[in-house]
Each structure stands twice: as C-alpha cells, then as structure tokens.
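Below is input.pdb, holding PDB, C-alpha atoms.
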MODEL        1
ATOM      1  CA  MET A   1     -46.347 -55.972 -26.284
ATOM      2  CA  LYS A   2     -47.475 -54.351 -23.017
ATOM      3  CA  SER A   3     -44.139 -55.247 -21.425
ATOM      4  CA  GLU A   4     -42.234 -53.656 -24.345
ATOM      5  CA  LEU A   5     -44.215 -50.410 -24.065
ATOM      6  CA  ARG A   6     -43.634 -50.404 -20.336
ATOM      7  CA  PHE A   7     -39.895 -50.821 -20.869
ATOM      8  CA  LYS A   8     -39.766 -47.955 -23.398
ATOM      9  CA  LEU A   9     -41.671 -45.701 -21.010
ATOM     10  CA  VAL A  10     -39.339 -46.502 -18.110
ATOM     11  CA  VAL A  11     -36.253 -45.938 -20.291
ATOM     12  CA  SER A  12     -37.642 -42.644 -21.581
ATOM     13  CA  ILE A  13     -38.274 -41.370 -18.050
ATOM     14  CA  PHE A  14     -34.866 -42.609 -16.925
ATOM     15  CA  THR A  15     -33.082 -40.967 -19.861
ATOM     16  CA  VAL A  16     -34.797 -37.613 -19.279
ATOM     17  CA  ALA A  17     -34.035 -37.757 -15.554
ATOM     18  CA  THR A  18     -30.351 -38.532 -16.052
ATOM     19  CA  SER A  19     -29.995 -35.827 -18.706
ATOM     20  CA  MET A  20     -31.474 -33.315 -16.256
ATOM     21  CA  LEU A  21     -28.943 -34.383 -13.655
ATOM     22  CA  GLY A  22     -26.062 -34.227 -16.078
ATOM     23  CA  GLY A  23     -26.110 -37.930 -16.911
ATOM     24  CA  TYR A  24     -23.953 -40.628 -15.419
ATOM     25  CA  ALA A  25     -20.355 -39.716 -14.806
ATOM     26  CA  VAL A  26     -17.938 -42.083 -16.450
ATOM     27  CA  SER A  27     -16.210 -44.137 -13.770
ATOM     28  CA  GLU A  28     -12.774 -42.824 -12.921
ATOM     29  CA  THR A  29     -11.801 -45.981 -11.077
ATOM     30  CA  ALA A  30      -8.636 -47.426 -12.576
ATOM     31  CA  PRO A  31      -9.065 -51.070 -13.601
ATOM     32  CA  GLN A  32      -7.383 -53.512 -11.257
ATOM     33  CA  ASN A  33      -5.401 -56.464 -12.473
ATOM     34  CA  LEU A  34      -5.579 -59.961 -11.056
ATOM     35  CA  ALA A  35      -2.437 -61.896 -10.210
ATOM     36  CA  SER A  36      -2.085 -65.261 -11.935
ATOM     37  CA  PRO A  37      -2.044 -68.533  -9.979
ATOM     38  CA  GLU A  38       1.609 -68.953 -10.996
ATOM     39  CA  SER A  39       2.574 -65.783  -9.156
ATOM     40  CA  PHE A  40       1.832 -67.546  -5.855
ATOM     41  CA  ALA A  41       4.230 -70.433  -6.554
ATOM     42  CA  SER A  42       6.799 -69.107  -4.073
ATOM     43  CA  ILE A  43       4.423 -69.806  -1.161
ATOM     44  CA  ALA A  44       5.601 -73.253  -0.084
ATOM     45  CA  ASP A  45       2.751 -74.116   2.270
ATOM     46  CA  THR A  46      -0.160 -75.411   0.175
ATOM     47  CA  ASP A  47      -2.908 -74.114   2.466
ATOM     48  CA  ALA A  48      -1.291 -70.685   2.666
ATOM     49  CA  ARG A  49      -0.906 -70.590  -1.132
ATOM     50  CA  SER A  50      -4.539 -71.624  -1.596
ATOM     51  CA  ALA A  51      -5.754 -68.971   0.852
ATOM     52  CA  ALA A  52      -3.605 -66.320  -0.830
ATOM     53  CA  MET A  53      -5.179 -67.108  -4.209
ATOM     54  CA  PHE A  54      -8.654 -66.783  -2.756
ATOM     55  CA  THR A  55      -7.686 -63.451  -1.223
ATOM     56  CA  GLU A  56      -6.703 -62.312  -4.728
ATOM     57  CA  LEU A  57     -10.063 -63.539  -6.050
ATOM     58  CA  GLY A  58     -11.631 -61.485  -3.271
ATOM     59  CA  LYS A  59     -10.860 -58.365  -5.341
ATOM     60  CA  VAL A  60     -13.616 -59.577  -7.676
ATOM     61  CA  LEU A  61     -16.045 -60.944  -5.101
ATOM     62  CA  THR A  62     -16.045 -57.740  -3.030
ATOM     63  CA  HIS A  63     -16.263 -55.432  -6.041
ATOM     64  CA  PRO A  64     -19.555 -53.509  -6.504
ATOM     65  CA  ARG A  65     -20.274 -55.447  -9.701
ATOM     66  CA  CYS A  66     -20.676 -58.539  -7.505
ATOM     67  CA  THR A  67     -21.854 -57.195  -4.152
ATOM     68  CA  ASN A  68     -24.586 -55.052  -5.717
ATOM     69  CA  CYS A  69     -26.304 -58.259  -6.848
ATOM     70  CA  HIS A  70     -25.458 -60.161  -3.649
ATOM     71  CA  PRO A  71     -27.064 -57.655  -1.228
ATOM     72  CA  ALA A  72     -27.529 -58.177   2.494
ATOM     73  CA  THR A  73     -31.194 -57.171   2.162
ATOM     74  CA  ASP A  74     -33.943 -57.653  -0.421
ATOM     75  CA  ARG A  75     -32.962 -54.358  -2.089
ATOM     76  CA  PRO A  76     -30.309 -54.525  -4.812
ATOM     77  CA  ARG A  77     -27.690 -51.815  -5.030
ATOM     78  CA  GLN A  78     -26.274 -50.069  -8.079
ATOM     79  CA  GLY A  79     -23.358 -48.027  -9.309
ATOM     80  CA  ASP A  80     -19.773 -47.953  -8.121
ATOM     81  CA  GLU A  81     -21.029 -46.288  -4.932
ATOM     82  CA  SER A  82     -23.371 -49.233  -4.203
ATOM     83  CA  ARG A  83     -26.314 -46.908  -3.638
ATOM     84  CA  LEU A  84     -29.769 -48.401  -3.153
ATOM     85  CA  HIS A  85     -31.471 -49.258  -6.444
ATOM     86  CA  GLN A  86     -33.668 -46.552  -7.937
ATOM     87  CA  PRO A  87     -36.494 -46.898  -8.633
ATOM     88  CA  PRO A  88     -37.149 -48.821  -5.399
ATOM     89  CA  VAL A  89     -37.429 -52.523  -6.189
ATOM     90  CA  ALA A  90     -37.449 -55.712  -4.117
ATOM     91  CA  ARG A  91     -36.116 -59.227  -4.586
ATOM     92  CA  GLY A  92     -39.436 -61.051  -4.822
ATOM     93  CA  ILE A  93     -39.920 -64.768  -4.278
ATOM     94  CA  ASP A  94     -37.612 -65.901  -7.099
ATOM     95  CA  GLY A  95     -35.039 -63.091  -7.125
ATOM     96  CA  HIS A  96     -36.508 -61.637 -10.322
ATOM     97  CA  GLY A  97     -38.503 -58.899  -8.608
ATOM     98  CA  LEU A  98     -42.072 -58.428  -7.410
ATOM     99  CA  PRO A  99     -44.993 -59.310  -9.737
ATOM    100  CA  ALA A 100     -45.638 -55.627 -10.514
ATOM    101  CA  MET A 101     -41.947 -54.743 -10.994
ATOM    102  CA  ARG A 102     -40.037 -57.608 -12.555
ATOM    103  CA  CYS A 103     -36.330 -57.118 -13.285
ATOM    104  CA  SER A 104     -36.959 -57.858 -16.959
ATOM    105  CA  ILE A 105     -39.232 -54.819 -17.337
ATOM    106  CA  CYS A 106     -36.141 -52.600 -17.389
ATOM    107  CA  HIS A 107     -33.219 -55.008 -17.695
ATOM    108  CA  GLN A 108     -33.395 -56.497 -21.175
ATOM    109  CA  ASN A 109     -31.200 -59.138 -22.870
ATOM    110  CA  ALA A 110     -28.167 -56.850 -23.154
ATOM    111  CA  ASN A 111     -26.899 -53.487 -21.932
ATOM    112  CA  PHE A 112     -29.039 -50.654 -23.331
ATOM    113  CA  GLU A 113     -26.485 -47.857 -23.614
ATOM    114  CA  PRO A 114     -28.854 -44.981 -24.624
ATOM    115  CA  GLY A 115     -30.550 -45.381 -21.244
ATOM    116  CA  ARG A 116     -27.415 -46.570 -19.405
ATOM    117  CA  MET A 117     -29.407 -49.676 -18.482
ATOM    118  CA  PRO A 118     -27.477 -52.885 -17.755
ATOM    119  CA  GLY A 119     -28.910 -56.089 -19.146
ATOM    120  CA  HIS A 120     -28.662 -59.860 -19.526
ATOM    121  CA  PRO A 121     -31.285 -62.542 -20.363
ATOM    122  CA  GLU A 122     -31.118 -63.916 -16.804
ATOM    123  CA  TRP A 123     -30.858 -60.647 -14.876
ATOM    124  CA  HIS A 124     -31.771 -61.274 -11.227
ATOM    125  CA  LEU A 125     -30.507 -61.078  -7.664
ATOM    126  CA  ALA A 126     -28.483 -63.833  -6.057
ATOM    127  CA  PRO A 127     -30.482 -65.908  -3.527
ATOM    128  CA  ARG A 128     -30.717 -64.560   0.041
ATOM    129  CA  GLU A 129     -28.379 -67.263   1.333
ATOM    130  CA  MET A 130     -25.699 -66.028  -1.076
ATOM    131  CA  ALA A 131     -25.612 -62.466   0.299
ATOM    132  CA  TRP A 132     -22.039 -61.081   0.333
ATOM    133  CA  GLU A 133     -22.552 -57.388   0.938
ATOM    134  CA  GLY A 134     -20.582 -56.251   3.989
ATOM    135  CA  LYS A 135     -18.754 -59.556   4.468
ATOM    136  CA  THR A 136     -15.013 -60.119   4.637
ATOM    137  CA  VAL A 137     -13.173 -62.183   2.056
ATOM    138  CA  ALA A 138     -12.742 -64.943   4.664
ATOM    139  CA  GLU A 139     -16.482 -64.993   5.372
ATOM    140  CA  ILE A 140     -17.298 -65.167   1.667
ATOM    141  CA  CYS A 141     -14.844 -68.030   1.259
ATOM    142  CA  THR A 142     -16.492 -70.039   4.031
ATOM    143  CA  GLN A 143     -19.887 -69.297   2.511
ATOM    144  CA  LEU A 144     -18.813 -70.437  -0.956
ATOM    145  CA  LYS A 145     -17.750 -73.787   0.453
ATOM    146  CA  ASP A 146     -21.084 -74.338   2.207
ATOM    147  CA  PRO A 147     -23.613 -76.095  -0.106
ATOM    148  CA  ALA A 148     -26.463 -74.664   1.970
ATOM    149  CA  ARG A 149     -25.297 -71.146   1.093
ATOM    150  CA  ASN A 150     -23.772 -71.510  -2.373
ATOM    151  CA  GLY A 151     -26.636 -72.861  -4.437
ATOM    152  CA  GLY A 152     -25.820 -76.506  -3.677
ATOM    153  CA  ARG A 153     -22.470 -76.342  -5.453
ATOM    154  CA  LYS A 154     -19.271 -78.249  -4.774
ATOM    155  CA  PRO A 155     -16.076 -76.165  -4.859
ATOM    156  CA  GLU A 156     -15.337 -77.706  -8.280
ATOM    157  CA  ASP A 157     -18.615 -76.318  -9.638
ATOM    158  CA  LEU A 158     -17.468 -72.797  -8.849
ATOM    159  CA  ILE A 159     -14.796 -73.046 -11.553
ATOM    160  CA  HIS A 160     -17.471 -72.960 -14.253
ATOM    161  CA  HIS A 161     -19.825 -70.657 -12.374
ATOM    162  CA  ILE A 162     -17.276 -67.893 -11.828
ATOM    163  CA  GLY A 163     -15.106 -68.566 -14.860
ATOM    164  CA  GLU A 164     -17.738 -69.145 -17.558
ATOM    165  CA  ASP A 165     -21.275 -68.228 -16.479
ATOM    166  CA  THR A 166     -22.421 -65.381 -18.735
ATOM    167  CA  LEU A 167     -24.389 -63.511 -16.055
ATOM    168  CA  VAL A 168     -21.290 -63.529 -13.842
ATOM    169  CA  GLY A 169     -19.351 -62.460 -16.930
ATOM    170  CA  TRP A 170     -21.442 -59.289 -17.188
ATOM    171  CA  ALA A 171     -19.307 -57.953 -14.302
ATOM    172  CA  TRP A 172     -16.441 -57.493 -16.787
ATOM    173  CA  ALA A 173     -18.607 -55.782 -19.433
ATOM    174  CA  PRO A 174     -21.026 -53.669 -17.375
ATOM    175  CA  GLY A 175     -21.482 -50.804 -19.805
ATOM    176  CA  ALA A 176     -20.828 -47.083 -19.587
ATOM    177  CA  GLY A 177     -20.589 -45.415 -16.206
ATOM    178  CA  ARG A 178     -19.747 -48.579 -14.288
ATOM    179  CA  SER A 179     -16.257 -49.878 -13.569
ATOM    180  CA  PRO A 180     -15.681 -53.528 -14.526
ATOM    181  CA  ALA A 181     -14.579 -56.134 -12.019
ATOM    182  CA  PRO A 182     -10.785 -56.537 -11.728
ATOM    183  CA  GLY A 183      -8.935 -58.561 -14.348
ATOM    184  CA  THR A 184     -10.958 -60.756 -16.703
ATOM    185  CA  GLN A 185     -13.442 -63.550 -16.192
ATOM    186  CA  LYS A 186     -10.898 -66.024 -17.558
ATOM    187  CA  GLN A 187      -8.328 -64.875 -14.991
ATOM    188  CA  ALA A 188     -10.891 -65.147 -12.195
ATOM    189  CA  GLY A 189     -11.757 -68.658 -13.360
ATOM    190  CA  ALA A 190      -8.083 -69.630 -13.344
ATOM    191  CA  LEU A 191      -7.748 -68.419  -9.747
ATOM    192  CA  VAL A 192     -10.818 -70.404  -8.679
ATOM    193  CA  GLU A 193      -9.480 -73.538 -10.368
ATOM    194  CA  ALA A 194      -6.071 -73.184  -8.736
ATOM    195  CA  TRP A 195      -7.721 -72.469  -5.364
ATOM    196  CA  VAL A 196      -9.837 -75.643  -5.643
ATOM    197  CA  LYS A 197      -6.861 -77.790  -6.743
ATOM    198  CA  THR A 198      -4.824 -76.621  -3.756
ATOM    199  CA  GLY A 199      -7.487 -77.644  -1.262
ATOM    200  CA  ALA A 200      -9.820 -74.630  -1.293
ATOM    201  CA  ALA A 201      -8.338 -73.195   1.889
ATOM    202  CA  CYS A 202      -9.818 -69.978   3.256
ATOM    203  CA  PRO A 203      -7.868 -66.974   4.484
ATOM    204  CA  ALA A 204      -7.821 -66.241   8.198
ATOM    205  CA  GLN A 205     -10.557 -64.005   9.578
TER     206      GLN A 205
ENDMDL
END

For the structure just supplied, provide its representation as structure tokens.
Amino acid sequence: MKSELRFKLVVSIFTVATSMLGGYAVSETAPQNLASPESFASIADTDARSAAMFTELGKVLTHPRCTNCHPATDRPRQGDESRLHQPPVARGIDGHGLPAMRCSICHQNANFEPGRMPGHPEWHLAPREMAWEGKTVAEICTQLKDPARNGGRKPEDLIHHIGEDTLVGWAWAPGAGRSPAPGTQKQAGALVEAWVKTGAACPAQ
C-alpha cells in the first residue's frame, strides 16, 4: 500500500513537472528497418556474411532503447538523447535500484502513458559486465560471445534472449515520446539466429 502511494506521488510530481515544461516531445526519429538474413546471401564468405548480419543487428544494440539500460556507469540513461536518468538513481546491488529508490517504485508492470512512465514487471538495469554504452558494434559482439560478460550465455541462448525475452521486447514498444528500436523483435531474433548458424563471426574493429 505504501509503495502504491509512493508511486502515485512520484507520478503526480512527474506529470506536473512535464506539463510545466511543455511535456515530452514526440520523437521525430524515423523508424529504421532491419535487413533480413536472406538479404546477405550474396556474401559468399561465411565469416563475412555472419559479421555483416551482426553489423545489421548492431542498429538495435546501439540504439538508445538498449544502451540506456546497458550504461557504462551505475546511472541509467533515458530518452532518445540518452540523458542521465532523472530523478537521480543508481544501479544498486541487484540492478533494481538502491533500497530507498527501487526501480519498481516508478516503473510498474506496463507503460503508464498518463505519466509517460515506461514499465515492465522485470524493469532493471543490465549487469555491470554487460555495459554497452559507448562501445562499437565489434566490441559488443565480442562481449556477447564471452560468457563472463553475457550472463553466462552461449551464443545459441541469445536467440531466445534477444528474439523473445519480453523485457528486451519493450524496446519495440517503449511508449509515447520514445523511438522504438529498429525493425521488430522477431526480425532481430532472426538476425541473431542466422548470425549464430553462420559461426557467430564478429565484424572487424
């Protein structure tokens, strides 16, 4: 009950503040498409074809919807401009925030459009070792193949994680004022699967 009242108070303050500032501008970023795995069939060399598909997937991985939650520091970022999260919050031990400011206080089970508040039942930051902010597509690729920095996953596990995980899927339905990740989650999953099946080669630095 206390948590619910806290959430309503935070949303009320947030809504008043954004109305005073003119609210959130609707993103003017044109949605990007993702090329299909089949479109890379003309690349004869398997490693080069695999790397090219990961480069295409990089449009998603380096998009603010992903990098904002894979920050280089313990502060998440927000918006298409990747500005530091306001109010100031920190990762905490488990990625769900500090004891006095848990992510779930504001981020509920779904997007709360009246307050322009994104939401999901498992809302949290990616682990420190999975930080992508500021990295190249090649560096992210190498990181994703390293079990010590990808949550203990094999490349094959990434097919489900990127293609079907619902928290990852939020990136394509982020709510008003935020541009969605390029393409669709299904298309991203297809690229990951094709990348894995062709040897999971990484693009050159």

Problem - 10 Å contact set for range 98-103 of chain A, all atoms listed in the file, chain neighbours under 2 positions out, as a VMD selection string - result: chain A and resid 87 to 96 105 to 108 119 122 to 125

Problem - Shortest interatomic distance to Ile162 in chain A - which of A:Gly189, A:Pro182, A:Gly199, A:Pro64, counting all atoms listed in the file - result: A:Gly189

Practice task
Provide the CA of Pro147 in chain A to CA of Arg77 in chain A distance in Å, to one decimal place.
Solution key: 25.1 Å

Please identify all polymer residues within 10 Å of Glu193 in chain A, counting only C-alpha atoms, omitting same-chain residues fewer than 6 positions from it, and present them as a PDB file with C-alpha atoms, keeping the file's coordinate frame.
ATOM      1  CA  PRO A  37      -2.044 -68.533  -9.979  1.00  0.00           C
ATOM      2  CA  MET A  53      -5.179 -67.108  -4.209  1.00  0.00           C
ATOM      3  CA  PRO A 155     -16.076 -76.165  -4.859  1.00  0.00           C
ATOM      4  CA  GLU A 156     -15.337 -77.706  -8.280  1.00  0.00           C
ATOM      5  CA  ASP A 157     -18.615 -76.318  -9.638  1.00  0.00           C
ATOM      6  CA  LEU A 158     -17.468 -72.797  -8.849  1.00  0.00           C
ATOM      7  CA  ILE A 159     -14.796 -73.046 -11.553  1.00  0.00           C
ATOM      8  CA  HIS A 160     -17.471 -72.960 -14.253  1.00  0.00           C
ATOM      9  CA  ILE A 162     -17.276 -67.893 -11.828  1.00  0.00           C
ATOM     10  CA  GLY A 163     -15.106 -68.566 -14.860  1.00  0.00           C
ATOM     11  CA  GLN A 187      -8.328 -64.875 -14.991  1.00  0.00           C
ATOM     12  CA  ALA A 200      -9.820 -74.630  -1.293  1.00  0.00           C
TER      13      ALA A 200
END

Handout entry: Atomic separation - CA of His63 in chain A relative to CA of Glu113 in chain A, Å
Key =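 CA of His63 in chain A lies 21.7 Å from CA of Glu113 in chain A.
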
Exercise for the section: Find the distance between CA of Gln185 in chain A and CA of Ile140 in chain A and write it in Å to one decimal. Expected result: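 We find that CA of Gln185 in chain A and CA of Ile140 in chain A lie 18.3 Å from each other.
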
Evaluate the PyMOL selection byres ((chain A and resi 173) around 12) on the structure here and hand back the selected residues as a PDB file with C-alpha atoms, in the coordinates of the input.
ATOM      1  CA  ARG A  65     -20.274 -55.447  -9.701  1.00  0.00           C
ATOM      2  CA  ALA A 110     -28.167 -56.850 -23.154  1.00  0.00           C
ATOM      3  CA  ASN A 111     -26.899 -53.487 -21.932  1.00  0.00           C
ATOM      4  CA  GLU A 113     -26.485 -47.857 -23.614  1.00  0.00           C
ATOM      5  CA  PRO A 118     -27.477 -52.885 -17.755  1.00  0.00           C
ATOM      6  CA  GLY A 119     -28.910 -56.089 -19.146  1.00  0.00           C
ATOM      7  CA  HIS A 120     -28.662 -59.860 -19.526  1.00  0.00           C
ATOM      8  CA  THR A 166     -22.421 -65.381 -18.735  1.00  0.00           C
ATOM      9  CA  LEU A 167     -24.389 -63.511 -16.055  1.00  0.00           C
ATOM     10  CA  VAL A 168     -21.290 -63.529 -13.842  1.00  0.00           C
ATOM     11  CA  GLY A 169     -19.351 -62.460 -16.930  1.00  0.00           C
ATOM     12  CA  TRP A 170     -21.442 -59.289 -17.188  1.00  0.00           C
ATOM     13  CA  ALA A 171     -19.307 -57.953 -14.302  1.00  0.00           C
ATOM     14  CA  TRP A 172     -16.441 -57.493 -16.787  1.00  0.00           C
ATOM     15  CA  PRO A 174     -21.026 -53.669 -17.375  1.00  0.00           C
ATOM     16  CA  GLY A 175     -21.482 -50.804 -19.805  1.00  0.00           C
ATOM     17  CA  ALA A 176     -20.828 -47.083 -19.587  1.00  0.00           C
ATOM     18  CA  GLY A 177     -20.589 -45.415 -16.206  1.00  0.00           C
ATOM     19  CA  ARG A 178     -19.747 -48.579 -14.288  1.00  0.00           C
ATOM     20  CA  SER A 179     -16.257 -49.878 -13.569  1.00  0.00           C
ATOM     21  CA  PRO A 180     -15.681 -53.528 -14.526  1.00  0.00           C
ATOM     22  CA  ALA A 181     -14.579 -56.134 -12.019  1.00  0.00           C
ATOM     23  CA  PRO A 182     -10.785 -56.537 -11.728  1.00  0.00           C
ATOM     24  CA  GLY A 183      -8.935 -58.561 -14.348  1.00  0.00           C
ATOM     25  CA  THR A 184     -10.958 -60.756 -16.703  1.00  0.00           C
ATOM     26  CA  GLN A 185     -13.442 -63.550 -16.192  1.00  0.00           C
TER      27      GLN A 185
END

Exercise for the section: Can you work out which one of A:Ala44, A:Arg49, A:Cys69, A:Glu133 has the shortest atom-to-atom distance to Leu191 in chain A, counting all atoms listed in the file? Expected result: A:Arg49

With all atoms of range 31-38 of chain A from the file as input, state the centre and edge lengths in Å to one decimal of the axis-aligned box that has 5 Å extra on each side, as AutoDock Vina command-line options.
--center_x -3.7 --center_y -60.0 --center_z -11.8 --size_x 20.7 --size_y 27.9 --size_z 13.6

Start from the incomplete input, build all heavy atoms for range 141-152 of chain A, and deliver everything as a PDB file, keeping the file's coordinate frame.
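Saved the output as result-v2.pdb:
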ATOM      1  N   CYS A 141     -15.474 -66.748   1.576  1.00  0.00           N
ATOM      2  CA  CYS A 141     -14.844 -68.030   1.259  1.00  0.00           C
ATOM      3  C   CYS A 141     -15.559 -69.176   1.967  1.00  0.00           C
ATOM      4  O   CYS A 141     -15.901 -70.192   1.358  1.00  0.00           O
ATOM      5  CB  CYS A 141     -13.363 -67.983   1.674  1.00  0.00           C
ATOM      6  SG  CYS A 141     -12.446 -69.494   1.287  1.00  0.00           S
ATOM      7  N   THR A 142     -15.799 -69.011   3.260  1.00  0.00           N
ATOM      8  CA  THR A 142     -16.492 -70.039   4.031  1.00  0.00           C
ATOM      9  C   THR A 142     -17.885 -70.283   3.471  1.00  0.00           C
ATOM     10  O   THR A 142     -18.352 -71.425   3.365  1.00  0.00           O
ATOM     11  CB  THR A 142     -16.598 -69.612   5.508  1.00  0.00           C
ATOM     12  OG1 THR A 142     -15.279 -69.414   6.031  1.00  0.00           O
ATOM     13  CG2 THR A 142     -17.305 -70.660   6.344  1.00  0.00           C
ATOM     14  N   GLN A 143     -18.546 -69.209   3.075  1.00  0.00           N
ATOM     15  CA  GLN A 143     -19.887 -69.297   2.511  1.00  0.00           C
ATOM     16  C   GLN A 143     -19.876 -70.054   1.182  1.00  0.00           C
ATOM     17  O   GLN A 143     -20.752 -70.892   0.926  1.00  0.00           O
ATOM     18  CB  GLN A 143     -20.423 -67.882   2.322  1.00  0.00           C
ATOM     19  CG  GLN A 143     -21.843 -67.788   1.834  1.00  0.00           C
ATOM     20  CD  GLN A 143     -22.334 -66.347   1.838  1.00  0.00           C
ATOM     21  OE1 GLN A 143     -21.726 -65.478   2.416  1.00  0.00           O
ATOM     22  NE2 GLN A 143     -23.441 -66.109   1.186  1.00  0.00           N
ATOM     23  N   LEU A 144     -18.897 -69.775   0.345  1.00  0.00           N
ATOM     24  CA  LEU A 144     -18.813 -70.437  -0.956  1.00  0.00           C
ATOM     25  C   LEU A 144     -18.561 -71.939  -0.851  1.00  0.00           C
ATOM     26  O   LEU A 144     -18.867 -72.685  -1.775  1.00  0.00           O
ATOM     27  CB  LEU A 144     -17.707 -69.792  -1.805  1.00  0.00           C
ATOM     28  CG  LEU A 144     -18.085 -68.497  -2.523  1.00  0.00           C
ATOM     29  CD1 LEU A 144     -16.863 -67.902  -3.215  1.00  0.00           C
ATOM     30  CD2 LEU A 144     -19.194 -68.745  -3.536  1.00  0.00           C
ATOM     31  N   LYS A 145     -18.013 -72.361   0.267  1.00  0.00           N
ATOM     32  CA  LYS A 145     -17.750 -73.787   0.453  1.00  0.00           C
ATOM     33  C   LYS A 145     -18.917 -74.516   1.120  1.00  0.00           C
ATOM     34  O   LYS A 145     -18.888 -75.734   1.260  1.00  0.00           O
ATOM     35  CB  LYS A 145     -16.479 -73.959   1.298  1.00  0.00           C
ATOM     36  CG  LYS A 145     -15.214 -73.510   0.582  1.00  0.00           C
ATOM     37  CD  LYS A 145     -14.009 -73.531   1.497  1.00  0.00           C
ATOM     38  CE  LYS A 145     -13.674 -74.924   1.996  1.00  0.00           C
ATOM     39  NZ  LYS A 145     -12.434 -74.939   2.815  1.00  0.00           N
ATOM     40  N   ASP A 146     -19.934 -73.770   1.511  1.00  0.00           N
ATOM     41  CA  ASP A 146     -21.084 -74.338   2.207  1.00  0.00           C
ATOM     42  C   ASP A 146     -22.234 -74.557   1.219  1.00  0.00           C
ATOM     43  O   ASP A 146     -22.832 -73.595   0.751  1.00  0.00           O
ATOM     44  CB  ASP A 146     -21.517 -73.372   3.316  1.00  0.00           C
ATOM     45  CG  ASP A 146     -22.709 -73.894   4.112  1.00  0.00           C
ATOM     46  OD1 ASP A 146     -23.201 -75.002   3.814  1.00  0.00           O
ATOM     47  OD2 ASP A 146     -23.146 -73.176   5.042  1.00  0.00           O
ATOM     48  N   PRO A 147     -22.552 -75.819   0.876  1.00  0.00           N
ATOM     49  CA  PRO A 147     -23.613 -76.095  -0.106  1.00  0.00           C
ATOM     50  C   PRO A 147     -24.952 -75.455   0.251  1.00  0.00           C
ATOM     51  O   PRO A 147     -25.747 -75.123  -0.627  1.00  0.00           O
ATOM     52  CB  PRO A 147     -23.706 -77.628  -0.101  1.00  0.00           C
ATOM     53  CG  PRO A 147     -22.366 -78.082   0.369  1.00  0.00           C
ATOM     54  CD  PRO A 147     -21.926 -77.060   1.374  1.00  0.00           C
ATOM     55  N   ALA A 148     -25.197 -75.254   1.543  1.00  0.00           N
ATOM     56  CA  ALA A 148     -26.463 -74.664   1.970  1.00  0.00           C
ATOM     57  C   ALA A 148     -26.519 -73.173   1.643  1.00  0.00           C
ATOM     58  O   ALA A 148     -27.594 -72.574   1.631  1.00  0.00           O
ATOM     59  CB  ALA A 148     -26.659 -74.869   3.474  1.00  0.00           C
ATOM     60  N   ARG A 149     -25.341 -72.588   1.357  1.00  0.00           N
ATOM     61  CA  ARG A 149     -25.297 -71.146   1.093  1.00  0.00           C
ATOM     62  C   ARG A 149     -24.623 -70.796  -0.228  1.00  0.00           C
ATOM     63  O   ARG A 149     -24.291 -69.640  -0.469  1.00  0.00           O
ATOM     64  CB  ARG A 149     -24.566 -70.432   2.239  1.00  0.00           C
ATOM     65  CG  ARG A 149     -25.284 -70.544   3.579  1.00  0.00           C
ATOM     66  CD  ARG A 149     -24.584 -69.697   4.629  1.00  0.00           C
ATOM     67  NE  ARG A 149     -23.252 -70.210   4.936  1.00  0.00           N
ATOM     68  CZ  ARG A 149     -22.273 -69.481   5.464  1.00  0.00           C
ATOM     69  NH1 ARG A 149     -22.463 -68.191   5.691  1.00  0.00           N
ATOM     70  NH2 ARG A 149     -21.104 -70.018   5.740  1.00  0.00           N
ATOM     71  N   ASN A 150     -24.421 -71.797  -1.091  1.00  0.00           N
ATOM     72  CA  ASN A 150     -23.772 -71.510  -2.373  1.00  0.00           C
ATOM     73  C   ASN A 150     -24.544 -72.070  -3.568  1.00  0.00           C
ATOM     74  O   ASN A 150     -23.984 -72.271  -4.642  1.00  0.00           O
ATOM     75  CB  ASN A 150     -22.334 -72.047  -2.379  1.00  0.00           C
ATOM     76  CG  ASN A 150     -22.259 -73.562  -2.445  1.00  0.00           C
ATOM     77  OD1 ASN A 150     -23.269 -74.250  -2.560  1.00  0.00           O
ATOM     78  ND2 ASN A 150     -21.052 -74.105  -2.365  1.00  0.00           N
ATOM     79  N   GLY A 151     -25.832 -72.327  -3.344  1.00  0.00           N
ATOM     80  CA  GLY A 151     -26.636 -72.861  -4.437  1.00  0.00           C
ATOM     81  C   GLY A 151     -26.450 -74.346  -4.643  1.00  0.00           C
ATOM     82  O   GLY A 151     -26.714 -74.864  -5.722  1.00  0.00           O
ATOM     83  N   GLY A 152     -26.002 -75.058  -3.589  1.00  0.00           N
ATOM     84  CA  GLY A 152     -25.820 -76.506  -3.677  1.00  0.00           C
ATOM     85  C   GLY A 152     -24.606 -76.928  -4.484  1.00  0.00           C
ATOM     86  O   GLY A 152     -24.527 -78.063  -4.957  1.00  0.00           O
TER      87      GLY A 152
END
